[in-house]
Amino acid sequence: MSVDIRGPARYLWWLARQLKGRVLLGAMFGSLWFASLALTPYLLSQAIDRGLGPRRPVALLAWTAAVLLIGLSSAGLGIMRHRSMTKLRLAAALRTADAVLRHAIRLGAALPRRVTSGEVVTIGIADVWTIGRAMNVVGVGVASVLAYAVVAVLLFRTSPLLAVVVLAGVPVLALAVGPLLVRVQAAGARYRRRQGALAAQLVDVLTGLRILNGLGGKEGHLARYRSSSAGLRDLGYRVGRASSWVGALGEGLPGVFLAVVIWLAARQAAAGELTTGELIAVYGYTAMLVIPVNVMIFCGFDVTRGLVAARHVVAFLRLPPDEVAGRPAPDRPAVLHDPVSGVSAEPGRLTALASARPADAAAVLERLGRYGPTDATWGGVRLDSIARDEVRSRILVAEHEADLFADPLRDVVAGRDTPEQERFRAAIEAAAARDVGEPDHPVEWGGRNLSGGQRQRVRLARALYQQAEMLLAAEPTSAVDAHTEAAIAGRLRAARAARGTVVATTSPALLDRADVVHYLVDGRVAATGSHRDLLRTAPGYVRLVARVFGEDPA
Amino acid sequence: MSAVLPIADRRLVVRAARRLLAADRRTVVLMLVLNALAALAGLGGPWLLGRIIDTVTGGHGAGRVDRLALAVLACAVAQMLLSRYALTVGYRFGERTAARIREEFLRRSLDLPAAVAERVPAGDLTARGTTDVDAVATTLRDSLPVVFISVVQMLLIVVAVVVVSPPLGVAGLLGFSGIWFVTRWYLRRARAAYLREGAANSVMADELAATTTGARTIEAFDLRERRLTRGHAAIAETRRTRLATLGLRSVFFPLVEMSYVLPVVLVLLIGGRLYFAGSVTLGTVAAALLYLRQLVGPLDNIMLTIEQLQSSAASFARVEGLAAVPADGTRAIRAPDGDRIEVRAVRYAYESGPDVLHDVDLTVRPGERLAIVGLSGAGKSTLARLIAGVDRPDAGSVTVGGVPIADLPPDELRRQVVLVTQEHHVFRESLRENLMVAAPDDVLRRALKSVGADWADDLDRDLGEDPPSGGEAQQLALARVVLADPHTVILDEATALLDPTAARSAERALAAVLHDRTVIAIAHRLETSHDADRVAVMDGGRIIELGSHDELLEADGPYAALWRTWHGT
């Protein structure tokens, strides 16, 4: 059965139905646990009334054994309730995470255009667990309603008057504390936002620690942090004042109510309408009833928040993927042409794009690679009319900022394929990336444990490993030093022999190796030729590729 | 090149905790008194209920029952109000202490010696400053006041039950004693298990984030299956770790709950014997029973937070670990005599690794432009960091005007040498604050103008809200250098990450900054070395060639070979 994304409530209902086995278990253990809690005061009262009071040792022993038994089963039922509810929440959260993950992958390149990654990360960090907690209502929520009903019956049998007072009074108490709780939670959310901002300020200063060590100015930052910290502290005082009322009333009001109930019960006992044991039982029931009522209140909160979280998830799951179907690709390597810029790339040749604005060259690669709207053609056929996956499998766009995923180096480079040792070695060699580490060196997400130059060379090695029919690479050597750049320029041709390659670059070392160089001005081809031809004929090109330290060349 | 920040040992943690308590002594005392009074009021209820039972069984009149019941009500109201004040004071204490801890943390971080600050893993310091500080603060604010009130309540209940009836009290307490062992068992395992759970959570969030931000890469390289497999592995690990902590709770919770029923059973049995023997009243047995059941509330409060208490104690140890970093020892006693920088017989190794610099000698002549070239890993950046005073050599010396550079206090250091790297951090502050010096606005504006930052007319612009582009950030970094006004500037691939146009304008700006200064440039493009007065070629931690561009070409050594490959001639 497919995910119901017609609305947040429907989504939560769908989850509950998917997990109905766990829901039933949770509700069952929850109810039994509450029943055992309700039974304890009753058994205690019987032990006093039938054993202790009339001085009957055997009866006392028997009822005490019953108290022990119900205590032990209550512990067992309590943990079974906790286990089944935890598993229910976990399953709901992880099913949601799974659905989001699958959809993110289905969206592919369309995703960044439709949603910011921050939104998806929030789903992963917070929303899935909130949705998990919303499942409480169908498990223990149902159980607490049952418990309330059972206590009602037990109390009614003891004293109808007390039953009415207690059953009406407890929800009134809950309703009295409820709104206060809402206010405290709103204030708490405000506090957490401020706390987050303060943490961001701290991270900001710590990230700039190196500069502060070199250039000074620490006192100013410390003073500003202290004043923000004091601001948070004062806000915390205000939150504390409100939440101390919640804490005190939450525990205290039931106590006050209990006192009133005891008063009534004691008068009835004094009048002989209640036994001593019953008096204690009333005390026990009233104290116990606070638990299911609290559960109901919190279930209310959980559902409210769960609906908000589910709205985020549903909105994401509704994002439509791009159209991927289309006609078949040319059956052999063919010329790529971008009419907007006038750039052509022949199969089997090394083409270079030199542009003063790297964004222009990147846009050309983007169009040639069938990303976004494009008029580019492949063997004379419009690229956007060709099936997406066929284009992807034969034309590879290696972006400047392409992502690196956490994996051993070998797998990062091999990408989707099972790593082949020889091919891996060749790709690493061609990208001059031997210094990155052994094949099993763990690369962190985004290459965080690599230097800028290493990240770039790993990206290049990965692109070369694919041996795509046509490789479109943006600025593959901009962050590496001159020695390494020279080495890569020398090896790139051999690595891409007989395959088509387009590089966007301003490095003379790379440009000099290209079969043909397109010099772009304002996104259009201004001159085409070999590096050396252009050095002779295009003055702007000379200025672009031969930058000199500290000043413009004369 | 990483060092691990220390974690405070038990002695340091205890000392730090005492210091925090002492800093707020009056509040702590007030908190104790209020909590004790609230707990005392709470004890009134069950005792009075016992009296009511005795009154009822004794057949006394309704008037006495009314008076006793009114007293129960008064106790309940008093307890509620006292708890409220106790909690207010507790929250204030927690809030104030949390603020003290985080402010102290930043102060200590800023005081870390430069070499330590450079080498701690980037995430460690920020993780301590955010996750750990927040964990401690949350515990102080939300849990500690409740735990405090619970502990005081428990103590008083225990006293009360023993006062009401010593034998029943002792029997009841014996019944609870199992909790001690169960809790020890649990705590020994809980922390690691919850840490694993937290780690798995963040891996799952990371996987989702990576899959989202890397969506284009995934499509380009067809990594869909792979990402799905990895994502599912992360989800499975999250499930596994959550079930592991659930397993621990499945032992801990029921055992604790079973311990709650034992005292009741013991009191019923022993109380029965005593009552049958006539040594206690029925009301006394009832009161003891109710007291023991009252213990369950505070005990539950403690049990629910005990794992959090334990893990925030560990967080506190990490936060306090900064205090255990030895301060940067020596400080220069005299000002440098002149601008000459000399590197003599310098060796350097990161931690216990192999030497990355071997016997490097270099004299930087005041006013010259020196380019350092070499392969990645040749030791260029390490040498730059030693000259910038960020690190100390293991052997040999790096001096300016005869004084070891690393001994200079920061304010003196930045007038001598400033290192400019490609990582230029922009603080989330106003442009003025970002220039790092307190100077009149026209001085700041002049500095910005000199590096070509035409965009920077509004000094109050909030760069956190309205961040500058890469090129603008680079200009900002250079303006800082102009304002620091050092005689020597070290450029470590300062423009390598910029696109050609931005790099060009940055280099134009650099020309303005570098005018009349000594420049040491770690070369990225070889044109840099072409224009330098001298070129130092590094390989394997040594300077293997030193001379002008033309001299080195003539010598026909490694530099000449590189120049030729790079120029394809």
# chains A, B, ... in the order shown; residues from 1 in each chain; ligands from 1
$ residues_around --residues "range 466-480 of chain B" --least-positions-apart "2" --cutoff "6 Å" --atoms "only C-alpha atoms" --output "PDB file with N, CA and C atoms, in the first residue's frame"
ATOM      1  N   LEU B 435      36.437  44.276  11.242  1.00  0.00           N
ATOM      2  CA  LEU B 435      37.768  44.782  10.904  1.00  0.00           C
ATOM      3  C   LEU B 435      38.742  44.590  12.061  1.00  0.00           C
ATOM      4  N   ALA B 447      41.167  52.153   4.973  1.00  0.00           N
ATOM      5  CA  ALA B 447      41.745  50.814   4.801  1.00  0.00           C
ATOM      6  C   ALA B 447      40.925  50.012   3.793  1.00  0.00           C
ATOM      7  N   LEU B 448      39.591  50.098   3.893  1.00  0.00           N
ATOM      8  CA  LEU B 448      38.731  49.352   2.965  1.00  0.00           C
ATOM      9  C   LEU B 448      38.924  49.865   1.541  1.00  0.00           C
ATOM     10  N   ASP B 462      25.364  44.415   8.739  1.00  0.00           N
ATOM     11  CA  ASP B 462      25.489  43.160   9.483  1.00  0.00           C
ATOM     12  C   ASP B 462      25.897  42.051   8.520  1.00  0.00           C
ATOM     13  N   LEU B 463      27.144  41.609   8.650  1.00  0.00           N
ATOM     14  CA  LEU B 463      27.643  40.617   7.695  1.00  0.00           C
ATOM     15  C   LEU B 463      27.106  39.219   7.988  1.00  0.00           C
ATOM     16  N   GLY B 464      26.448  39.055   9.151  1.00  0.00           N
ATOM     17  CA  GLY B 464      25.783  37.767   9.416  1.00  0.00           C
ATOM     18  C   GLY B 464      24.497  37.675   8.611  1.00  0.00           C
ATOM     19  N   VAL B 482      45.773  45.498   6.424  1.00  0.00           N
ATOM     20  CA  VAL B 482      46.178  46.902   6.320  1.00  0.00           C
ATOM     21  C   VAL B 482      46.088  47.560   7.693  1.00  0.00           C
ATOM     22  N   LEU B 483      45.002  47.252   8.430  1.00  0.00           N
ATOM     23  CA  LEU B 483      44.792  47.900   9.722  1.00  0.00           C
ATOM     24  C   LEU B 483      45.764  47.381  10.771  1.00  0.00           C
ATOM     25  N   ALA B 502      37.751  37.499  -9.627  1.00  0.00           N
ATOM     26  CA  ALA B 502      37.851  37.904  -8.230  1.00  0.00           C
ATOM     27  C   ALA B 502      39.311  37.857  -7.807  1.00  0.00           C
TER      28      ALA B 502
END
$ interface_residues --of "chain B" --to "chain A" --cutoff "6 Å" --atoms "only C-alpha atoms" --output "count of residues only"
46
$ atom_distance --atom1 "CA of Arg96 in chain B" --atom2 "CA of Pro298 in chain B"
24.9 Å
$ atom_distance --atom1 "CA of Glu469 in chain A" --atom2 "CA of Gly380 in chain A"
17.0 Å
$ select_by_dssp --residues "range 286-392 of chain A" --states "strand (DSSP E or B)" --output "PyMOL selection string"
chain A and resi 327+336-338+343-345+350-355+377-378+381-382+386
$ write_last_selection --atoms "N, CA and C atoms" --output "short mmCIF file (atom, residue, chain, number, x, y, z; two decimals), in the first residue's frame"
data_model
loop_
_atom_site.label_atom_id
_atom_site.label_comp_id
_atom_site.auth_asym_id
_atom_site.auth_seq_id
_atom_site.Cartn_x
_atom_site.Cartn_y
_atom_site.Cartn_z
N ARG A 327 13.21 10.19 -26.11
CA ARG A 327 13.59 9.27 -27.19
C ARG A 327 15.00 8.72 -26.96
N LEU A 336 28.36 17.32 -29.31
CA LEU A 336 27.48 18.09 -28.43
C LEU A 336 27.59 19.54 -28.87
N HIS A 337 26.43 20.21 -28.96
CA HIS A 337 26.48 21.60 -29.40
C HIS A 337 25.55 22.44 -28.55
N ASP A 338 26.06 23.61 -28.13
CA ASP A 338 25.24 24.52 -27.33
C ASP A 338 25.01 25.79 -28.12
N VAL A 343 29.32 26.90 -28.37
CA VAL A 343 30.35 25.89 -28.06
C VAL A 343 29.97 24.55 -28.68
N SER A 344 30.94 23.89 -29.33
CA SER A 344 30.75 22.52 -29.80
C SER A 344 31.82 21.65 -29.19
N ALA A 345 31.47 20.40 -28.89
CA ALA A 345 32.45 19.46 -28.36
C ALA A 345 32.41 18.19 -29.20
N LEU A 350 39.73 16.70 -26.75
CA LEU A 350 39.80 17.48 -25.51
C LEU A 350 39.50 18.94 -25.84
N THR A 351 38.34 19.40 -25.39
CA THR A 351 37.91 20.78 -25.66
C THR A 351 38.03 21.57 -24.37
N ALA A 352 38.54 22.82 -24.45
CA ALA A 352 38.64 23.64 -23.25
C ALA A 352 37.81 24.90 -23.41
N LEU A 353 37.17 25.32 -22.31
CA LEU A 353 36.43 26.58 -22.31
C LEU A 353 37.16 27.52 -21.37
N ALA A 354 37.58 28.69 -21.87
CA ALA A 354 38.24 29.66 -21.00
C ALA A 354 37.35 30.88 -20.90
N SER A 355 36.95 31.20 -19.68
CA SER A 355 36.05 32.34 -19.49
C SER A 355 36.49 33.12 -18.26
N THR A 377 22.13 20.34 -28.36
CA THR A 377 21.82 19.17 -29.17
C THR A 377 22.93 18.14 -29.05
N TRP A 378 22.56 16.91 -29.32
CA TRP A 378 23.52 15.79 -29.28
C TRP A 378 23.34 15.05 -30.60
N VAL A 381 20.21 16.14 -32.30
CA VAL A 381 18.90 15.95 -31.65
C VAL A 381 18.87 16.77 -30.36
N ARG A 382 17.76 17.44 -30.11
CA ARG A 382 17.68 18.22 -28.86
C ARG A 382 17.89 17.31 -27.65
N ILE A 386 15.75 13.68 -25.19
CA ILE A 386 16.33 12.34 -25.03
C ILE A 386 16.13 11.87 -23.58
#
$ atom_distance --atom1 "CA of Ala473 in chain A" --atom2 "CA of His400 in chain A"
7.4 Å
$ decode --residues "range 365-391 of chain A" --atoms "N, CA and C atoms" --output "PDB file, in the first residue's frame"
ATOM      1  N   LEU A 365      28.399  24.043 -19.532  1.00  0.00           N
ATOM      2  CA  LEU A 365      28.483  22.612 -19.184  1.00  0.00           C
ATOM      3  C   LEU A 365      27.126  22.101 -18.727  1.00  0.00           C
ATOM      4  N   GLU A 366      26.433  22.929 -17.965  1.00  0.00           N
ATOM      5  CA  GLU A 366      25.119  22.568 -17.440  1.00  0.00           C
ATOM      6  C   GLU A 366      24.153  22.280 -18.597  1.00  0.00           C
ATOM      7  N   ARG A 367      24.196  23.149 -19.605  1.00  0.00           N
ATOM      8  CA  ARG A 367      23.281  22.950 -20.742  1.00  0.00           C
ATOM      9  C   ARG A 367      23.685  21.724 -21.553  1.00  0.00           C
ATOM     10  N   LEU A 368      25.013  21.567 -21.730  1.00  0.00           N
ATOM     11  CA  LEU A 368      25.478  20.410 -22.514  1.00  0.00           C
ATOM     12  C   LEU A 368      25.185  19.100 -21.790  1.00  0.00           C
ATOM     13  N   GLY A 369      24.995  19.196 -20.455  1.00  0.00           N
ATOM     14  CA  GLY A 369      24.772  17.975 -19.678  1.00  0.00           C
ATOM     15  C   GLY A 369      23.301  17.681 -19.435  1.00  0.00           C
ATOM     16  N   ARG A 370      22.402  18.479 -20.048  1.00  0.00           N
ATOM     17  CA  ARG A 370      20.955  18.302 -19.865  1.00  0.00           C
ATOM     18  C   ARG A 370      20.523  18.490 -18.412  1.00  0.00           C
ATOM     19  N   TYR A 371      20.986  19.608 -17.818  1.00  0.00           N
ATOM     20  CA  TYR A 371      20.466  19.994 -16.506  1.00  0.00           C
ATOM     21  C   TYR A 371      19.660  21.262 -16.718  1.00  0.00           C
ATOM     22  N   GLY A 372      18.459  21.319 -16.246  1.00  0.00           N
ATOM     23  CA  GLY A 372      17.640  22.506 -16.385  1.00  0.00           C
ATOM     24  C   GLY A 372      17.254  22.733 -17.841  1.00  0.00           C
ATOM     25  N   PRO A 373      16.682  23.910 -18.147  1.00  0.00           N
ATOM     26  CA  PRO A 373      16.272  24.176 -19.525  1.00  0.00           C
ATOM     27  C   PRO A 373      17.488  24.265 -20.442  1.00  0.00           C
ATOM     28  N   THR A 374      17.400  23.643 -21.589  1.00  0.00           N
ATOM     29  CA  THR A 374      18.556  23.619 -22.482  1.00  0.00           C
ATOM     30  C   THR A 374      18.104  23.542 -23.936  1.00  0.00           C
ATOM     31  N   ASP A 375      18.842  24.233 -24.812  1.00  0.00           N
ATOM     32  CA  ASP A 375      18.606  24.125 -26.253  1.00  0.00           C
ATOM     33  C   ASP A 375      19.686  23.260 -26.903  1.00  0.00           C
ATOM     34  N   ALA A 376      20.583  22.705 -26.079  1.00  0.00           N
ATOM     35  CA  ALA A 376      21.736  21.991 -26.633  1.00  0.00           C
ATOM     36  C   ALA A 376      21.290  20.746 -27.411  1.00  0.00           C
ATOM     37  N   THR A 377      22.126  20.342 -28.355  1.00  0.00           N
ATOM     38  CA  THR A 377      21.817  19.168 -29.172  1.00  0.00           C
ATOM     39  C   THR A 377      22.927  18.141 -29.045  1.00  0.00           C
ATOM     40  N   TRP A 378      22.556  16.907 -29.318  1.00  0.00           N
ATOM     41  CA  TRP A 378      23.521  15.792 -29.280  1.00  0.00           C
ATOM     42  C   TRP A 378      23.341  15.052 -30.596  1.00  0.00           C
ATOM     43  N   GLY A 379      24.335  15.126 -31.438  1.00  0.00           N
ATOM     44  CA  GLY A 379      24.210  14.533 -32.765  1.00  0.00           C
ATOM     45  C   GLY A 379      23.025  15.126 -33.511  1.00  0.00           C
ATOM     46  N   GLY A 380      22.763  16.423 -33.275  1.00  0.00           N
ATOM     47  CA  GLY A 380      21.696  17.115 -33.991  1.00  0.00           C
ATOM     48  C   GLY A 380      20.327  16.988 -33.346  1.00  0.00           C
ATOM     49  N   VAL A 381      20.208  16.144 -32.296  1.00  0.00           N
ATOM     50  CA  VAL A 381      18.903  15.953 -31.654  1.00  0.00           C
ATOM     51  C   VAL A 381      18.869  16.774 -30.360  1.00  0.00           C
ATOM     52  N   ARG A 382      17.760  17.442 -30.107  1.00  0.00           N
ATOM     53  CA  ARG A 382      17.677  18.218 -28.861  1.00  0.00           C
ATOM     54  C   ARG A 382      17.890  17.309 -27.651  1.00  0.00           C
ATOM     55  N   LEU A 383      18.800  17.742 -26.753  1.00  0.00           N
ATOM     56  CA  LEU A 383      19.123  16.916 -25.571  1.00  0.00           C
ATOM     57  C   LEU A 383      17.908  16.695 -24.679  1.00  0.00           C
ATOM     58  N   ASP A 384      17.079  17.750 -24.526  1.00  0.00           N
ATOM     59  CA  ASP A 384      15.972  17.608 -23.568  1.00  0.00           C
ATOM     60  C   ASP A 384      14.859  16.699 -24.090  1.00  0.00           C
ATOM     61  N   SER A 385      15.025  16.238 -25.346  1.00  0.00           N
ATOM     62  CA  SER A 385      14.019  15.285 -25.821  1.00  0.00           C
ATOM     63  C   SER A 385      14.519  13.848 -25.660  1.00  0.00           C
ATOM     64  N   ILE A 386      15.755  13.683 -25.188  1.00  0.00           N
ATOM     65  CA  ILE A 386      16.335  12.337 -25.031  1.00  0.00           C
ATOM     66  C   ILE A 386      16.135  11.872 -23.583  1.00  0.00           C
ATOM     67  N   ALA A 387      15.896  10.579 -23.420  1.00  0.00           N
ATOM     68  CA  ALA A 387      15.646  10.026 -22.080  1.00  0.00           C
ATOM     69  C   ALA A 387      16.784  10.414 -21.133  1.00  0.00           C
ATOM     70  N   ARG A 388      16.395  10.894 -19.918  1.00  0.00           N
ATOM     71  CA  ARG A 388      17.395  11.429 -19.016  1.00  0.00           C
ATOM     72  C   ARG A 388      18.467  10.406 -18.649  1.00  0.00           C
ATOM     73  N   ASP A 389      18.041   9.185 -18.304  1.00  0.00           N
ATOM     74  CA  ASP A 389      19.028   8.229 -17.806  1.00  0.00           C
ATOM     75  C   ASP A 389      20.040   7.837 -18.870  1.00  0.00           C
ATOM     76  N   GLU A 390      19.598   7.849 -20.141  1.00  0.00           N
ATOM     77  CA  GLU A 390      20.573   7.552 -21.200  1.00  0.00           C
ATOM     78  C   GLU A 390      21.629   8.640 -21.291  1.00  0.00           C
ATOM     79  N   VAL A 391      21.167   9.895 -21.168  1.00  0.00           N
ATOM     80  CA  VAL A 391      22.118  11.000 -21.205  1.00  0.00           C
ATOM     81  C   VAL A 391      23.083  10.882 -20.032  1.00  0.00           C
TER      82      VAL A 391
END
